[in-house]
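S.K.: Provided below: target_25.cif, containing mmCIF, C-alpha atoms, pLDDT in the B column; chains and numbers go by the auth columns.
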```
data_query
#
loop_
_atom_site.group_PDB
_atom_site.id
_atom_site.type_symbol
_atom_site.label_atom_id
_atom_site.label_comp_id
_atom_site.label_asym_id
_atom_site.label_seq_id
_atom_site.Cartn_x
_atom_site.Cartn_y
_atom_site.Cartn_z
_atom_site.B_iso_or_equiv
_atom_site.auth_seq_id
_atom_site.auth_asym_id
ATOM 1 C CA MET A 1 -16.707 -2.978 -11.750 37.00 1 W
ATOM 2 C CA LYS A 2 -16.456 0.813 -12.119 36.00 2 W
ATOM 3 C CA LYS A 3 -13.398 2.748 -11.022 31.00 3 W
ATOM 4 C CA SER A 4 -13.260 5.940 -9.002 29.00 4 W
ATOM 5 C CA VAL A 5 -10.074 7.666 -7.865 25.00 5 W
ATOM 6 C CA ASN A 6 -9.739 8.653 -4.200 28.00 6 W
ATOM 7 C CA PHE A 7 -13.374 7.917 -3.370 26.00 7 W
ATOM 8 C CA LEU A 8 -12.275 7.280 0.214 29.00 8 W
ATOM 9 C CA ILE A 9 -12.600 10.192 2.651 30.00 9 W
ATOM 10 C CA ILE A 10 -10.016 9.811 5.398 34.00 10 W
ATOM 11 C CA LEU A 11 -9.937 11.485 8.790 29.00 11 W
ATOM 12 C CA LEU A 12 -6.696 9.984 10.107 29.00 12 W
ATOM 13 C CA LEU A 13 -6.239 11.618 13.498 26.00 13 W
ATOM 14 C CA THR A 14 -9.780 11.083 14.757 28.00 14 W
ATOM 15 C CA GLY A 15 -9.787 7.480 13.614 32.00 15 W
ATOM 16 C CA SER A 16 -12.936 7.804 11.513 33.00 16 W
ATOM 17 C CA PHE A 17 -13.344 7.577 7.758 36.00 17 W
ATOM 18 C CA MET A 18 -16.243 7.147 5.339 33.00 18 W
ATOM 19 C CA LEU A 19 -16.152 4.562 2.603 32.00 19 W
ATOM 20 C CA SER A 20 -18.899 6.312 0.674 30.00 20 W
ATOM 21 C CA SER A 21 -20.773 9.580 0.938 28.00 21 W
ATOM 22 C CA CYS A 22 -23.720 7.761 -0.630 27.00 22 W
ATOM 23 C CA ALA A 23 -23.922 4.949 1.915 27.00 23 W
ATOM 24 C CA LEU A 24 -27.550 4.046 2.601 24.00 24 W
ATOM 25 C CA SER A 25 -27.136 1.896 5.678 26.00 25 W
ATOM 26 C CA VAL A 26 -24.395 0.325 7.747 29.00 26 W
ATOM 27 C CA ASN A 27 -24.559 -2.761 9.939 31.00 27 W
ATOM 28 C CA MET A 28 -21.550 -2.795 12.286 31.00 28 W
ATOM 29 C CA GLN A 29 -20.633 -5.823 14.355 35.00 29 W
ATOM 30 C CA ILE A 30 -17.646 -5.907 16.681 32.00 30 W
ATOM 31 C CA ILE A 31 -15.833 -9.225 16.459 34.00 31 W
ATOM 32 C CA GLN A 32 -14.297 -10.378 19.731 35.00 32 W
ATOM 33 C CA GLU A 33 -10.898 -11.041 18.239 45.00 33 W
ATOM 34 C CA GLU A 34 -7.985 -9.368 19.988 48.00 34 W
ATOM 35 C CA ARG A 35 -4.282 -10.115 19.774 54.00 35 W
ATOM 36 C CA TYR A 36 -1.955 -8.330 22.150 52.00 36 W
ATOM 37 C CA GLN A 37 1.485 -8.743 23.675 52.00 37 W
ATOM 38 C CA GLY A 38 1.302 -6.022 26.299 51.00 38 W
ATOM 39 C CA ILE A 39 0.172 -5.778 29.912 50.00 39 W
ATOM 40 C CA ILE A 40 -3.461 -4.975 30.711 47.00 40 W
ATOM 41 C CA GLU A 41 -3.912 -2.456 33.519 47.00 41 W
ATOM 42 C CA PRO A 42 -7.162 -1.429 35.296 42.00 42 W
ATOM 43 C CA ALA A 43 -6.459 2.326 35.227 41.00 43 W
ATOM 44 C CA PRO A 44 -4.197 4.902 33.549 45.00 44 W
ATOM 45 C CA VAL A 45 -0.575 4.875 34.689 44.00 45 W
ATOM 46 C CA TYR A 46 1.185 8.223 34.372 45.00 46 W
ATOM 47 C CA ALA A 47 4.945 8.115 33.920 42.00 47 W
ATOM 48 C CA VAL A 48 7.141 9.695 36.575 39.00 48 W
ATOM 49 C CA GLU A 49 10.433 9.067 34.803 56.00 49 W
ATOM 50 C CA THR A 50 10.433 10.363 31.247 71.00 50 W
ATOM 51 C CA LEU A 51 12.654 10.053 28.210 82.00 51 W
ATOM 52 C CA ASP A 52 15.748 12.100 27.616 88.00 52 W
ATOM 53 C CA ASN A 53 14.715 15.066 25.447 91.00 53 W
ATOM 54 C CA SER A 54 17.066 13.875 22.676 95.00 54 W
ATOM 55 C CA LYS A 55 14.848 10.835 22.063 96.00 55 W
ATOM 56 C CA ILE A 56 11.250 9.990 21.157 97.00 56 W
ATOM 57 C CA ILE A 57 9.065 6.878 21.096 97.00 57 W
ATOM 58 C CA PHE A 58 7.602 5.829 17.756 98.00 58 W
ATOM 59 C CA LEU A 59 4.048 4.421 17.871 98.00 59 W
ATOM 60 C CA GLU A 60 2.530 3.068 14.670 98.00 60 W
ATOM 61 C CA HIS A 61 -1.102 2.256 13.873 98.00 61 W
ATOM 62 C CA ASN A 62 -1.948 0.130 10.840 97.00 62 W
ATOM 63 C CA LEU A 63 -5.533 -0.106 9.611 97.00 63 W
ATOM 64 C CA LEU A 64 -6.086 -2.877 7.058 97.00 64 W
ATOM 65 C CA ALA A 65 -9.495 -2.657 5.352 96.00 65 W
ATOM 66 C CA ASN A 66 -10.238 -5.824 3.374 97.00 66 W
ATOM 67 C CA GLY A 67 -13.460 -5.485 1.380 96.00 67 W
ATOM 68 C CA THR A 68 -15.472 -7.850 -0.790 94.00 68 W
ATOM 69 C CA VAL A 69 -18.286 -6.725 -3.082 95.00 69 W
ATOM 70 C CA VAL A 70 -20.897 -9.432 -2.517 94.00 70 W
ATOM 71 C CA LYS A 71 -23.737 -7.883 -4.514 93.00 71 W
ATOM 72 C CA GLY A 72 -24.176 -5.210 -7.160 92.00 72 W
ATOM 73 C CA ASP A 73 -21.716 -2.850 -8.831 89.00 73 W
ATOM 74 C CA ALA A 74 -19.481 -0.746 -6.550 87.00 74 W
ATOM 75 C CA TYR A 75 -16.940 1.972 -7.186 85.00 75 W
ATOM 76 C CA PHE A 76 -13.330 0.838 -6.798 91.00 76 W
ATOM 77 C CA ARG A 77 -11.644 2.857 -4.055 91.00 77 W
ATOM 78 C CA THR A 78 -7.961 3.753 -4.284 92.00 78 W
ATOM 79 C CA VAL A 79 -5.582 5.356 -1.830 91.00 79 W
ATOM 80 C CA ASP A 80 -1.983 6.343 -2.537 88.00 80 W
ATOM 81 C CA PHE A 81 -0.376 8.924 -0.265 87.00 81 W
ATOM 82 C CA PRO A 82 2.918 7.597 1.166 90.00 82 W
ATOM 83 C CA ASN A 83 4.371 10.204 3.499 93.00 83 W
ATOM 84 C CA TYR A 84 7.079 8.342 5.405 96.00 84 W
ATOM 85 C CA TRP A 85 9.417 5.349 5.547 93.00 85 W
ATOM 86 C CA PHE A 86 10.918 3.700 8.620 95.00 86 W
ATOM 87 C CA ASN A 87 14.088 1.602 8.372 94.00 87 W
ATOM 88 C CA GLU A 88 13.984 -1.054 11.101 93.00 88 W
ATOM 89 C CA ASN A 89 17.710 -1.787 10.778 93.00 89 W
ATOM 90 C CA THR A 90 19.116 1.742 10.913 94.00 90 W
ATOM 91 C CA ARG A 91 16.275 3.044 13.137 95.00 91 W
ATOM 92 C CA GLN A 92 15.931 6.008 10.790 95.00 92 W
ATOM 93 C CA LEU A 93 12.592 7.695 10.075 96.00 93 W
ATOM 94 C CA ASN A 94 12.198 9.633 6.827 95.00 94 W
ATOM 95 C CA GLY A 95 9.107 11.544 5.806 94.00 95 W
ATOM 96 C CA ASN A 96 7.158 14.670 4.982 92.00 96 W
ATOM 97 C CA ILE A 97 7.305 16.068 8.505 93.00 97 W
ATOM 98 C CA ASP A 98 5.227 19.184 9.118 92.00 98 W
ATOM 99 C CA PHE A 99 5.839 19.439 12.875 95.00 99 W
ATOM 100 C CA PRO A 100 8.859 20.806 14.786 96.00 100 W
ATOM 101 C CA ILE A 101 11.475 18.392 16.108 96.00 101 W
ATOM 102 C CA ASN A 102 12.349 20.062 19.398 96.00 102 W
ATOM 103 C CA ASP A 103 12.957 19.243 23.067 95.00 103 W
ATOM 104 C CA SER A 104 9.205 18.999 23.747 95.00 104 W
ATOM 105 C CA LEU A 105 8.591 16.301 21.126 96.00 105 W
ATOM 106 C CA THR A 106 7.879 13.102 23.085 95.00 106 W
ATOM 107 C CA LEU A 107 6.091 10.749 20.717 97.00 107 W
ATOM 108 C CA VAL A 108 5.801 10.352 16.954 97.00 108 W
ATOM 109 C CA PHE A 109 2.601 8.671 15.772 98.00 109 W
ATOM 110 C CA GLY A 110 2.502 6.993 12.363 97.00 110 W
ATOM 111 C CA ASP A 111 -0.948 6.269 10.911 97.00 111 W
ATOM 112 C CA ILE A 112 -1.222 3.787 8.013 97.00 112 W
ATOM 113 C CA LEU A 113 -4.247 2.860 5.893 96.00 113 W
ATOM 114 C CA THR A 114 -4.207 -0.115 3.499 97.00 114 W
ATOM 115 C CA LEU A 115 -7.091 -1.196 1.242 96.00 115 W
ATOM 116 C CA THR A 116 -7.305 -4.764 -0.086 96.00 116 W
ATOM 117 C CA GLY A 117 -9.917 -6.984 -1.714 95.00 117 W
ATOM 118 C CA ASN A 118 -12.040 -6.281 -4.776 93.00 118 W
ATOM 119 C CA PHE A 119 -13.462 -3.033 -3.356 91.00 119 W
ATOM 120 C CA GLY A 120 -10.185 -1.085 -3.224 93.00 120 W
ATOM 121 C CA ALA A 121 -6.399 -1.055 -3.209 95.00 121 W
ATOM 122 C CA GLY A 122 -3.410 0.982 -2.102 96.00 122 W
ATOM 123 C CA THR A 123 -1.607 2.259 0.982 95.00 123 W
ATOM 124 C CA GLY A 124 -1.124 5.652 2.557 95.00 124 W
ATOM 125 C CA ASN A 125 0.482 6.928 5.745 96.00 125 W
ATOM 126 C CA LYS A 126 1.144 10.099 7.728 96.00 126 W
ATOM 127 C CA LEU A 127 3.228 11.166 10.737 97.00 127 W
ATOM 128 C CA TYR A 128 2.075 13.257 13.705 97.00 128 W
ATOM 129 C CA GLY A 129 4.194 14.898 16.387 97.00 129 W
ATOM 130 C CA ILE A 130 2.991 14.582 20.003 96.00 130 W
ATOM 131 C CA TYR A 131 4.222 17.070 22.612 96.00 131 W
ATOM 132 C CA SER A 132 1.937 16.456 25.594 94.00 132 W
ATOM 133 C CA LEU A 133 -0.170 13.614 26.969 94.00 133 W
ATOM 134 C CA PRO A 134 -2.841 12.298 27.077 95.00 134 W
ATOM 135 C CA VAL A 135 -3.606 12.444 23.355 95.00 135 W
ATOM 136 C CA LYS A 136 -5.973 10.718 20.934 95.00 136 W
ATOM 137 C CA ALA A 137 -4.203 8.465 18.409 95.00 137 W
ATOM 138 C CA ASN A 138 -6.803 7.160 15.975 93.00 138 W
ATOM 139 C CA GLU A 139 -9.070 4.907 18.109 94.00 139 W
ATOM 140 C CA ALA A 140 -6.625 4.794 21.042 96.00 140 W
ATOM 141 C CA THR A 141 -5.783 7.317 23.755 96.00 141 W
ATOM 142 C CA VAL A 142 -2.122 7.496 24.785 97.00 142 W
ATOM 143 C CA TYR A 143 -1.755 8.320 28.480 96.00 143 W
ATOM 144 C CA SER A 144 1.963 8.053 29.159 94.00 144 W
ATOM 145 C CA VAL A 145 5.418 6.964 28.031 94.00 145 W
ATOM 146 C CA ASP A 146 8.483 6.195 30.132 94.00 146 W
ATOM 147 C CA LEU A 147 12.265 6.113 29.846 92.00 147 W
ATOM 148 C CA PHE A 148 12.171 2.383 29.014 94.00 148 W
ATOM 149 C CA GLY A 149 10.101 3.098 25.897 95.00 149 W
ATOM 150 C CA ARG A 150 6.845 1.705 27.260 96.00 150 W
ATOM 151 C CA ILE A 151 3.544 3.241 26.160 97.00 151 W
ATOM 152 C CA THR A 152 0.366 3.201 28.248 96.00 152 W
ATOM 153 C CA LEU A 153 -2.750 3.527 26.117 95.00 153 W
ATOM 154 C CA SER A 154 -6.473 2.864 26.214 96.00 154 W
ATOM 155 C CA ILE A 155 -8.169 0.890 23.421 94.00 155 W
ATOM 156 C CA ASN A 156 -11.600 -0.771 23.458 90.00 156 W
ATOM 157 C CA ASN A 157 -12.090 0.141 27.131 91.00 157 W
ATOM 158 C CA ARG A 158 -8.820 -1.607 28.045 92.00 158 W
ATOM 159 C CA MET A 159 -5.699 -0.038 29.515 95.00 159 W
ATOM 160 C CA ILE A 160 -2.672 -1.601 27.823 96.00 160 W
ATOM 161 C CA ILE A 161 1.072 -1.144 28.295 96.00 161 W
ATOM 162 C CA LEU A 162 3.155 -1.870 25.198 97.00 162 W
ATOM 163 C CA ALA A 163 6.904 -2.318 25.593 96.00 163 W
ATOM 164 C CA PRO A 164 9.126 -1.719 22.542 96.00 164 W
ATOM 165 C CA GLY A 165 8.370 -4.353 19.898 96.00 165 W
ATOM 166 C CA GLN A 166 4.988 -5.289 21.358 96.00 166 W
ATOM 167 C CA SER A 167 1.672 -4.884 19.549 97.00 167 W
ATOM 168 C CA TYR A 168 -2.092 -4.959 20.057 97.00 168 W
ATOM 169 C CA SER A 169 -4.593 -5.924 17.326 96.00 169 W
ATOM 170 C CA TYR A 170 -8.343 -6.233 16.980 96.00 170 W
ATOM 171 C CA THR A 171 -10.805 -6.780 14.128 96.00 171 W
ATOM 172 C CA ARG A 172 -14.224 -5.337 13.329 94.00 172 W
ATOM 173 C CA ASN A 173 -16.577 -6.353 10.520 96.00 173 W
ATOM 174 C CA GLU A 174 -18.947 -4.084 8.636 94.00 174 W
ATOM 175 C CA THR A 175 -21.577 -4.592 5.953 94.00 175 W
ATOM 176 C CA LEU A 176 -21.833 -1.471 3.818 89.00 176 W
ATOM 177 C CA LYS A 177 -24.685 -0.737 1.406 88.00 177 W
ATOM 178 C CA ASP A 178 -23.459 1.713 -1.228 82.00 178 W
ATOM 179 C CA ARG A 179 -26.065 2.601 -3.879 83.00 179 W
ATOM 180 C CA ASN A 180 -26.980 -0.785 -5.393 87.00 180 W
ATOM 181 C CA ALA A 181 -23.948 -2.608 -3.972 92.00 181 W
ATOM 182 C CA THR A 182 -23.378 -4.583 -0.787 94.00 182 W
ATOM 183 C CA ILE A 183 -19.813 -4.729 0.537 94.00 183 W
ATOM 184 C CA ASP A 184 -18.493 -6.852 3.401 96.00 184 W
ATOM 185 C CA ILE A 185 -15.485 -5.169 5.001 95.00 185 W
ATOM 186 C CA SER A 186 -13.104 -6.465 7.664 97.00 186 W
ATOM 187 C CA TYR A 187 -11.116 -3.787 9.521 96.00 187 W
ATOM 188 C CA THR A 188 -7.984 -4.942 11.345 97.00 188 W
ATOM 189 C CA HIS A 189 -6.346 -2.363 13.619 97.00 189 W
ATOM 190 C CA THR A 190 -2.795 -2.987 14.844 97.00 190 W
ATOM 191 C CA TYR A 191 -0.884 -0.729 17.239 97.00 191 W
ATOM 192 C CA ILE A 192 2.877 -1.370 17.354 98.00 192 W
ATOM 193 C CA ASN A 193 5.404 0.180 19.713 98.00 193 W
ATOM 194 C CA LYS A 194 8.414 0.697 17.427 98.00 194 W
ATOM 195 C CA GLY A 195 10.565 1.710 20.380 97.00 195 W
ATOM 196 C CA ILE A 196 12.907 4.584 21.152 97.00 196 W
ATOM 197 C CA LEU A 197 14.428 6.670 18.347 97.00 197 W
ATOM 198 C CA ASP A 198 17.110 9.318 18.475 97.00 198 W
ATOM 199 C CA LYS A 199 15.743 12.639 17.231 97.00 199 W
ATOM 200 C CA ASN A 200 18.811 12.955 15.006 95.00 200 W
ATOM 201 C CA ASN A 201 17.491 9.920 13.097 95.00 201 W
ATOM 202 C CA ILE A 202 14.311 11.737 12.081 96.00 202 W
ATOM 203 C CA ARG A 203 14.859 13.165 8.599 93.00 203 W
ATOM 204 C CA THR A 204 12.499 15.656 6.998 88.00 204 W
ATOM 205 C CA SER A 205 12.733 14.180 3.517 80.00 205 W
ATOM 206 C CA MET A 206 11.058 11.434 1.513 73.00 206 W
ATOM 207 C CA VAL A 207 14.311 9.601 0.818 63.00 207 W
ATOM 208 C CA ALA A 208 14.082 5.940 1.811 54.00 208 W
ATOM 209 C CA ILE A 209 17.222 4.832 3.641 49.00 209 W
#
```
Can the structure in the file be given as structure tokens, please?
M.R.:
Amino acid sequence: MKKSVNFLIILLLTGSFMLSSCALSVNMQIIQEERYQGIIEPAPVYAVETLDNSKIIFLEHNLLANGTVVKGDAYFRTVDFPNYWFNENTRQLNGNIDFPINDSLTLVFGDILTLTGNFGAGTGNKLYGIYSLPVKANEATVYSVDLFGRITLSINNRMIILAPGQSYSYTRNETLKDRNATIDISYTHTYINKGILDKNNIRTSMVAI
């Protein structure tokens, strides 16, 4: 198997990324596998009561791409761009933060990509500051947050409310033809409401606490 560094092209905020610029054809099938702990609502719910401006809600999205080369010779994809750490015990968020931490900051969105299998390896992540809603967060749209830390978002044509600690997951499968190779890839998306954080616990450094 040949190796290629950073062959993956990632568009984190829009939720789309290409596994190969030389892909000949793609056969996408949505698997009806969803795991969620939130409340499903029929329509967007806009918050009336909002958070104190000294706090934010931390929403994290984890995309796990598990690929298997089933035919031919494929380039080995790698990704390695860690940009933040979150300590669950101290509730402290450290990272390369390129957005202002001010009174208008309402939500921090963490986007994580992990490659596994014999087609690629590695993990990368990035933080985004959200100041107004609604907003696109990878494949989801966040409509509102409230003072209890709940997040109302739309994913897969569903309106879902996630309380702190709750998550929503779904899986899609793809068969990718890349040059002379055929790769079966399983994408698992997980959205996790990490809850309310004090803005003083957001540190603009890469020091893991």
S.K.: Taking the file as shown, find all residues satisfying the PyMOL selection byres ((chain W and resi 69) around 12) and write them as a CSV table (one decimal) with C-alpha atoms, keeping the file's coordinate frame.
M.R.:
```csv
chain,number,residue,atom,x,y,z
W,1,MET,CA,-16.7,-3.0,-11.8
W,2,LYS,CA,-16.5,0.8,-12.1
W,66,ASN,CA,-10.2,-5.8,3.4
W,67,GLY,CA,-13.5,-5.5,1.4
W,68,THR,CA,-15.5,-7.8,-0.8
W,70,VAL,CA,-20.9,-9.4,-2.5
W,71,LYS,CA,-23.7,-7.9,-4.5
W,72,GLY,CA,-24.2,-5.2,-7.2
W,73,ASP,CA,-21.7,-2.8,-8.8
W,74,ALA,CA,-19.5,-0.7,-6.6
W,75,TYR,CA,-16.9,2.0,-7.2
W,76,PHE,CA,-13.3,0.8,-6.8
W,77,ARG,CA,-11.6,2.9,-4.1
W,116,THR,CA,-7.3,-4.8,-0.1
W,117,GLY,CA,-9.9,-7.0,-1.7
W,118,ASN,CA,-12.0,-6.3,-4.8
W,119,PHE,CA,-13.5,-3.0,-3.4
W,120,GLY,CA,-10.2,-1.1,-3.2
W,175,THR,CA,-21.6,-4.6,6.0
W,176,LEU,CA,-21.8,-1.5,3.8
W,177,LYS,CA,-24.7,-0.7,1.4
W,178,ASP,CA,-23.5,1.7,-1.2
W,180,ASN,CA,-27.0,-0.8,-5.4
W,181,ALA,CA,-23.9,-2.6,-4.0
W,182,THR,CA,-23.4,-4.6,-0.8
W,183,ILE,CA,-19.8,-4.7,0.5
W,184,ASP,CA,-18.5,-6.9,3.4
W,185,ILE,CA,-15.5,-5.2,5.0
W,186,SER,CA,-13.1,-6.5,7.7
```
S.K.: Residues within 12 Å of Phe86 (chain W), please, as JSON, numbers by chain. Count all atoms listed in the file; anything in the same chain fewer than 3 positions from it doesn't count.
M.R.: {"W": [58, 59, 60, 82, 83, 89, 90, 91, 92, 93, 94, 95, 108, 110, 125, 126, 127, 194, 195, 197, 201, 202, 203, 205, 206, 207, 208, 209]}
S.K.: Determine the residue set returned by the PyMOL selection byres ((chain W and resi 80) around 6) for the present structure, and present it as a PDB file with C-alpha atoms, in the frame of the given file.
M.R.:
```
ATOM      1  CA  VAL W  79      -5.582   5.356  -1.830  1.00 91.00           C
ATOM      2  CA  PHE W  81      -0.376   8.924  -0.265  1.00 87.00           C
ATOM      3  CA  GLY W 122      -3.410   0.982  -2.102  1.00 96.00           C
ATOM      4  CA  THR W 123      -1.607   2.259   0.982  1.00 95.00           C
ATOM      5  CA  GLY W 124      -1.124   5.652   2.557  1.00 95.00           C
TER       6      GLY W 124
END
```
S.K.: Taking the file above as input, evaluate the PyMOL selection byres ((chain W and resi 151) around 10) and report the hits as a PyMOL selection string.
M.R.: chain W and resi 38+45-47+57-59+107+142-150+152-153+160-164+166+192-193+195
S.K.: One decimal, Å: what's the distance from CA of Glu88 (chain W) over to CA of Ser104 (chain W), could you say?
M.R.: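 Rounded to one decimal, the two atoms are 24.2 Å apart.
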S.K.: Counting all atoms listed in the file, which residue out of W:Thr190, W:Asn102, W:Asn96, W:Thr114 sits closest to Ser167 (chain W)?
M.R.: W:Thr190
S.K.: Considering all atoms listed in the file, can you say which of W:Leu113, W:Val135, W:Ile130, W:Leu105 comes closest to Lys55 (chain W)?
M.R.: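 Among the listed residues, the smallest separation from Lys55 (chain W) belongs to W:Leu105.
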